[in-house]
Structures are given as structure tokens and as C-alpha cells.
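Each remark here refers to the structure printed beneath this line.
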Amino acid sequence: MTGELQDKVAVVTGGGTGIGEAVARRLHREGAKVVLGGRRLELVQRVASELGGKAVACDVSVEAEVADMFAAAMEAYGRVDILVNNAGFGGGGLMSAEAVDIDVWDQTFAVNTRGVMLCVKHAIPSLRQQGGTIVNVASIAGLKAVVRQIAYGASKAAVINMTQSIAFEVGKFGIRINSICPGAVVTDLYRGNAAARGAEVGASVEDDQARISSNSALGRLTTCEDVASGVYFLASGNSGSMTGAYVQMDAGKF
């Protein structure tokens with residue numbers, strides 16, 4: 001297999017389902033060797049075995065497990081060229097500011113923000129050897145407030161800000177870091193939140209999809225493959241000198 005990423009090594013967190021799986025498959029199709037991290041080893045093993053890659057059990061909020069993931073990548077392939085921070089937590093559904101569950105708040109930030117920072121921290125020693133790229137999967141919710149998804153939106157806004165800050169540190173090593181901000185993507189996370197919204201007004205997940213589609217320029221939701229293409233663009237040389245930036249992929253949400 002040949003492609004833009006031939007012989008590159010990519011670490012993808014949350015690589016067993018949804019966006020992470022689509023990203024892993026796209027990077028592999030472009031020639032990359034993939035290391036997939038995830039809390040549920042059986043899910044990342046399924047994808048890794050199909051792609052001839054490596055699966056590692058990893059909770060990104062636990063530093064020792066993140067360190068072990070990168071050690072496993074280095075042991076298997078001797079280098080890391082790409083990090084895709086995709087692992088995420090949905091913020092516990094819908095909660096008002098008055099009723100926010102602080103334990104859920106802490107869990108959301110542990111995965112979505114602390115997890116990104118830990119992976120960046122442990123990727124840099126490998127990336128700086130030859131340069132490389134980091135792509136953080138943020139969200140449109142980090143750019144535009146979503147009512148009663150305060151924890152999720154705040155955690156993703158933090159990721160966008162972190163990305164911009166880190167870019168100024170790592171550029172001298174030939175490392176680029178950018179964020180991608182998907183809109184609603186039909187994943188388990190989306191279905192859970194859509195079901196919660198629908199339960200309040202007697203609407204189905206399909207009704208929720210229709211509502212979001214009608215409020216977008218393209219008249220549809222974003223797909224996992226759409227996001228994977230965006231991640232590939234940012235991870236490859238196709239994005240040139242882009243660093244510290246974010247790419248909005250939300251089908252033109254109004």
C-alpha cells in the first residue's frame with residue numbers, strides 16, 4: 001500500500017468505534033501504520049486486526065496508561081509521526097447549570113481535556129525526533145454554546161485553546177498541531193444526547209436528525225468519514241503550514 005502517509009506511524013485514541021475507527025481506516029488507506037488506544041480492548045483489537053495495526057488498552061485520563069500506549073507504539077514501530085486525540089466523553093447528557101453533577105463535570109474534563117494534554121505530553125518526545133502532526137478532535141460545541149451541554153462544550157473549548165497554545169511550543173521541533181470541530185455526527189454519543197432531548201418533547205432520534213439537518217447548509221449531518229477526511233488533511237502534508245488552527249466540519253450549521 002502506498003499513499004501520502006506511507007511508512008508513517010499514527011496513534012489514534014478512541015479508535016475502536018465511530019469517528020476513531022473511521023480515522024484509523026482512512027489513515028491506514030493512505031499508508032500509515034496504526035496504533036489504536038481505547039478503554040475497551042476488544043473494540044480496538046477488532047479494528048487493529050483488520051488493519052494489521054496494534055491495539056492498546058488505554059484510559060487517556062490515566063497518565064501511566066498513556067505512557068504505556070506510547071511505549072508500545074515505539075516498541076512496535078520505533079517512531080510516532082501522527083497523534084489523533086479522538087477519545088471523548090459526552091458530558092453525561094443534558095444538565096442545567098443549576099443541576100450540574102460535578103462528578104460528571106470532572107469526568108468530562110478528565111477525558112476530553114486532561115486526556116488530550118496527557119497524550120500530547122507523551123507524544124512530543126517521539127514526534128520531535130523527526131517532526132510530525134497532532135490532530136485534536138474538538139467539537140462545534142467548543143465554538144458555539146449548546147444549551148445544557150455545558151461540561152462538554154467547555155471541555156472542547158479548552159481543547160481548541162490548548163491547541164493554539166501548544167502550537168507555539170512545538171513548532172520549533174517541526175511539529176504541527178491543529179483541531180477539528182465536527183458538528184453532529186451519528187455516533188453512540190450523539191444518539192444518547194438525541195434520545196435525552198427527544199424524551200423531553202416526545203421526539204425520536206430520527207426527529208432530532210431531521211431538525212439538525214434542516215438547520216444546516218448541506219441539509220444533512222456530518223459523517224464519520226467526513227471527519228476522517230478532515231483529520232487526514234490536517235495530519236498530512238496537504239495542510240502545509242497550518243498549525244494552531246481549527247477546521248469546522250458541521251455541514252454548515254446555522
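Labels used: A, B, ... for chains in the order of the C-alpha cells, numbers from 1 for residues in each chain, and numbers from 1 for ligands as shown.
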Given only C-alpha atoms, how would the per-residue table for segment 13-38 of chain A near segment 234-238 of chain A read, listing every residue at most 12 Å away with its closest atom pair and distance in Å to one decimal, sorted by chain and number, as a Markdown table?
| residue | atom | partner | partner_atom | distance |
| --- | --- | --- | --- | --- |
| A:Val23 | CA | A:Ala235 | CA | 10.5 |
| A:Ala24 | CA | A:Ala235 | CA | 11.8 |
| A:Arg26 | CA | A:Ala235 | CA | 11.1 |
| A:Leu27 | CA | A:Ala235 | CA | 8.8 |
| A:Glu30 | CA | A:Ser236 | CA | 9.5 |
| A:Gly31 | CA | A:Ser236 | CA | 11.1 |
| A:Ala32 | CA | A:Ser236 | CA | 10.5 |
- Task: Write out as a ChimeraX atom specification each polymer residue whose atoms come within 6 Å of segment 4-12 of chain A, counting only C-alpha atoms; drop sequence neighbours fewer than 4 positions from it.
- Result: /A:30-36,80-84
Practice prompt. Please provide as a PyMOL selection string all residues within 6 Å of segment 88-94 of chain A, with the sequence filter that same-chain residues fewer than 6 positions apart are discarded (counting only C-alpha atoms).
Written response: chain A and resi 108+111-112+148-149+151-152+189+193
Dump as an mmCIF file, in the first residue's frame, selection limited to C-alpha atoms:
data_model
loop_
_atom_site.group_PDB
_atom_site.id
_atom_site.type_symbol
_atom_site.label_atom_id
_atom_site.label_comp_id
_atom_site.auth_asym_id
_atom_site.auth_seq_id
_atom_site.Cartn_x
_atom_site.Cartn_y
_atom_site.Cartn_z
ATOM 1 C CA THR A 108 -15.830 15.071 31.178
ATOM 2 C CA VAL A 111 -11.229 12.513 29.349
ATOM 3 C CA ASN A 112 -11.777 15.400 26.943
ATOM 4 C CA ARG A 148 -27.432 22.225 28.831
ATOM 5 C CA GLN A 149 -24.301 20.592 27.455
ATOM 6 C CA ALA A 151 -19.425 20.464 30.532
ATOM 7 C CA TYR A 152 -18.963 19.007 27.062
ATOM 8 C CA LEU A 189 -22.536 9.737 21.842
ATOM 9 C CA ASN A 193 -27.868 13.013 23.672
#
Those of segment 11-135 of chain A in DSSP helix (DSSP H, G or I), formatted as an MDAnalysis selection string: chainID A and resid 18:29 41:51 63:77 102:127
Q. Using only C-alpha atoms, which residues sit within 9 Å of Ala138 of chain A once same-chain residues fewer than 2 positions away are excluded, as a ChimeraX atom specification?
A. /A:85-86,112,136,140-142,155-160,179-182,246
With C-alpha atoms retained, write the just-selected residues as a compact mmCIF listing (two decimals), in the first residue's frame.
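In the end it all went to result.txt:
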# COMPACT_ATOMS: atom_id res chain seq x y z
CA ASN A 85 -6.70 12.72 20.05
CA ASN A 86 -10.19 11.37 19.44
CA ASN A 112 -11.78 15.40 26.94
CA ASN A 136 -7.24 17.10 18.33
CA ILE A 140 -18.59 22.65 17.16
CA ALA A 141 -19.82 22.75 20.78
CA GLY A 142 -16.45 24.28 21.68
CA SER A 155 -14.11 20.86 27.69
CA LYS A 156 -13.96 21.14 23.89
CA ALA A 157 -13.41 24.90 24.03
CA ALA A 158 -10.45 24.17 26.28
CA VAL A 159 -9.07 21.76 23.68
CA ILE A 160 -9.20 24.46 20.99
CA SER A 179 -8.07 20.89 15.95
CA ILE A 180 -11.08 19.69 14.02
CA CYS A 181 -14.55 20.70 15.14
CA PRO A 182 -17.27 18.33 13.90
CA TYR A 246 -9.22 24.68 13.86
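Of the residues under consideration (A:Gly14, A:Gly131, A:Gly198, A:Gly230), A:Gly14 shows the shortest atom-to-atom contact distance to Val116 of chain A when counting only C-alpha atoms.
Distances here use only C-alpha atoms; by that measure, the residue among A:Asp250, A:Ser214, A:Gln209, A:Ile175 closest to Ser139 of chain A is A:Asp250.
Distances to Val135 of chain A were evaluated for A:Ser96, A:Thr243, A:Gln248, A:Ser49 using only C-alpha atoms, and the minimum falls at A:Thr243.
With only C-alpha atoms as the atoms that count, the residue of A:Gly252, A:Gly153, A:Gly240, A:Gly16 with the shortest distance to Thr222 of chain A is A:Gly252.
Nearest-residue note for Val120 of chain A: choosing from A:Val62, A:Val147, A:Ile166, A:Met242, the minimum distance belongs to A:Ile166, counting only C-alpha atoms.
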Can you list, as JSON, numbers by chain, every protein, DNA or RNA residue that comes within 7 Å of Ala167 of chain A when you count only C-alpha atoms, leaving out same-chain residues fewer than 5 positions away? {"A": [176, 177, 243, 244]}
Can I get the selected residues back with all heavy atoms, as a tab-separated table (two decimals), in the first residue's frame?
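Generated output (out.tsv):
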chain	number	residue	atom	x	y	z
A	176	ARG	N	3.38	20.11	13.96
A	176	ARG	CA	2.18	20.92	13.77
A	176	ARG	C	1.05	20.32	14.61
A	176	ARG	O	0.95	19.11	14.75
A	176	ARG	CB	1.76	20.95	12.29
A	176	ARG	CG	2.79	21.62	11.39
A	176	ARG	CD	2.27	21.82	9.98
A	176	ARG	NE	1.95	20.57	9.30
A	176	ARG	CZ	0.72	20.18	8.99
A	176	ARG	NH1	-0.33	20.91	9.31
A	176	ARG	NH2	0.52	19.04	8.34
A	177	ILE	N	0.19	21.19	15.14
A	177	ILE	CA	-0.95	20.74	15.94
A	177	ILE	C	-2.17	21.58	15.59
A	177	ILE	O	-2.10	22.81	15.58
A	177	ILE	CB	-0.63	20.80	17.46
A	177	ILE	CG1	-1.84	20.35	18.29
A	177	ILE	CG2	-0.12	22.17	17.88
A	177	ILE	CD1	-1.52	20.14	19.77
A	243	THR	N	-0.98	25.41	11.56
A	243	THR	CA	-0.77	24.96	12.93
A	243	THR	C	-1.46	25.93	13.88
A	243	THR	O	-1.57	27.13	13.59
A	243	THR	CB	0.73	24.82	13.27
A	243	THR	OG1	0.88	24.08	14.49
A	243	THR	CG2	1.43	26.16	13.39
A	244	GLY	N	-1.97	25.40	14.98
A	244	GLY	CA	-2.71	26.22	15.93
A	244	GLY	C	-4.09	26.60	15.44
A	244	GLY	O	-4.76	27.44	16.04
Select from segment 9-192 of chain A everything DSSP, run on the backbone, classes as strand (DSSP E or B), then give the selection as number ranges by chain. A: 9-13, 33-38, 54-57, 82-85, 95, 132-137, 149, 175-182, 185
Would you export the selected residues with C-alpha atoms as a CSV table (one decimal), in the first residue's frame, please?
chain,number,residue,atom,x,y,z
A,9,VAL,CA,3.0,5.7,12.3
A,10,ALA,CA,-0.3,7.1,13.7
A,11,VAL,CA,-1.6,6.8,17.2
A,12,VAL,CA,-5.4,7.2,17.3
A,13,THR,CA,-7.2,7.2,20.7
A,33,LYS,CA,0.7,2.0,10.4
A,34,VAL,CA,-1.9,2.5,13.1
A,35,VAL,CA,-1.8,2.1,16.9
A,36,LEU,CA,-5.2,2.2,18.4
A,37,GLY,CA,-5.9,3.1,22.0
A,38,GLY,CA,-9.2,2.6,23.8
A,54,LYS,CA,-1.6,-2.6,17.1
A,55,ALA,CA,-4.2,-2.3,19.8
A,56,VAL,CA,-3.5,-1.0,23.3
A,57,ALA,CA,-5.9,-0.8,26.3
A,82,ILE,CA,0.9,11.3,14.0
A,83,LEU,CA,-1.3,11.6,17.1
A,84,VAL,CA,-5.1,11.9,16.7
A,85,ASN,CA,-6.7,12.7,20.1
A,95,MET,CA,-27.8,19.2,32.5
A,132,GLY,CA,5.0,15.2,12.9
A,133,THR,CA,1.5,16.2,13.4
A,134,ILE,CA,-1.2,16.2,16.1
A,135,VAL,CA,-4.9,16.5,15.4
A,136,ASN,CA,-7.2,17.1,18.3
A,137,VAL,CA,-10.9,16.2,17.8
A,149,GLN,CA,-24.3,20.6,27.5
A,175,ILE,CA,5.5,19.5,14.9
A,176,ARG,CA,2.2,20.9,13.8
A,177,ILE,CA,-0.9,20.7,15.9
A,178,ASN,CA,-4.5,21.6,14.9
A,179,SER,CA,-8.1,20.9,16.0
A,180,ILE,CA,-11.1,19.7,14.0
A,181,CYS,CA,-14.6,20.7,15.1
A,182,PRO,CA,-17.3,18.3,13.9
A,185,VAL,CA,-22.2,13.0,13.8
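All residues of protein, DNA or RNA that reach within 8 Å of Gly115 of chain A, judged by only C-alpha atoms and not counting those fewer than 6 positions away in the chain, are Val60, Ser61, Val62 and Ala87 of chain A.
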In terms of only C-alpha atoms, the residue from A:Asp59, A:Ala71, A:Ala22, A:Ile150 at minimal distance from Ile102 of chain A is A:Ile150
From atom CA of Thr17 of chain A to atom CA of Arg40 of chain A the spacing works out at 10.2 Å
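Separating atom CA of Gly174 of chain A from atom CA of Ala67 of chain A is a distance of 21.8 Å.
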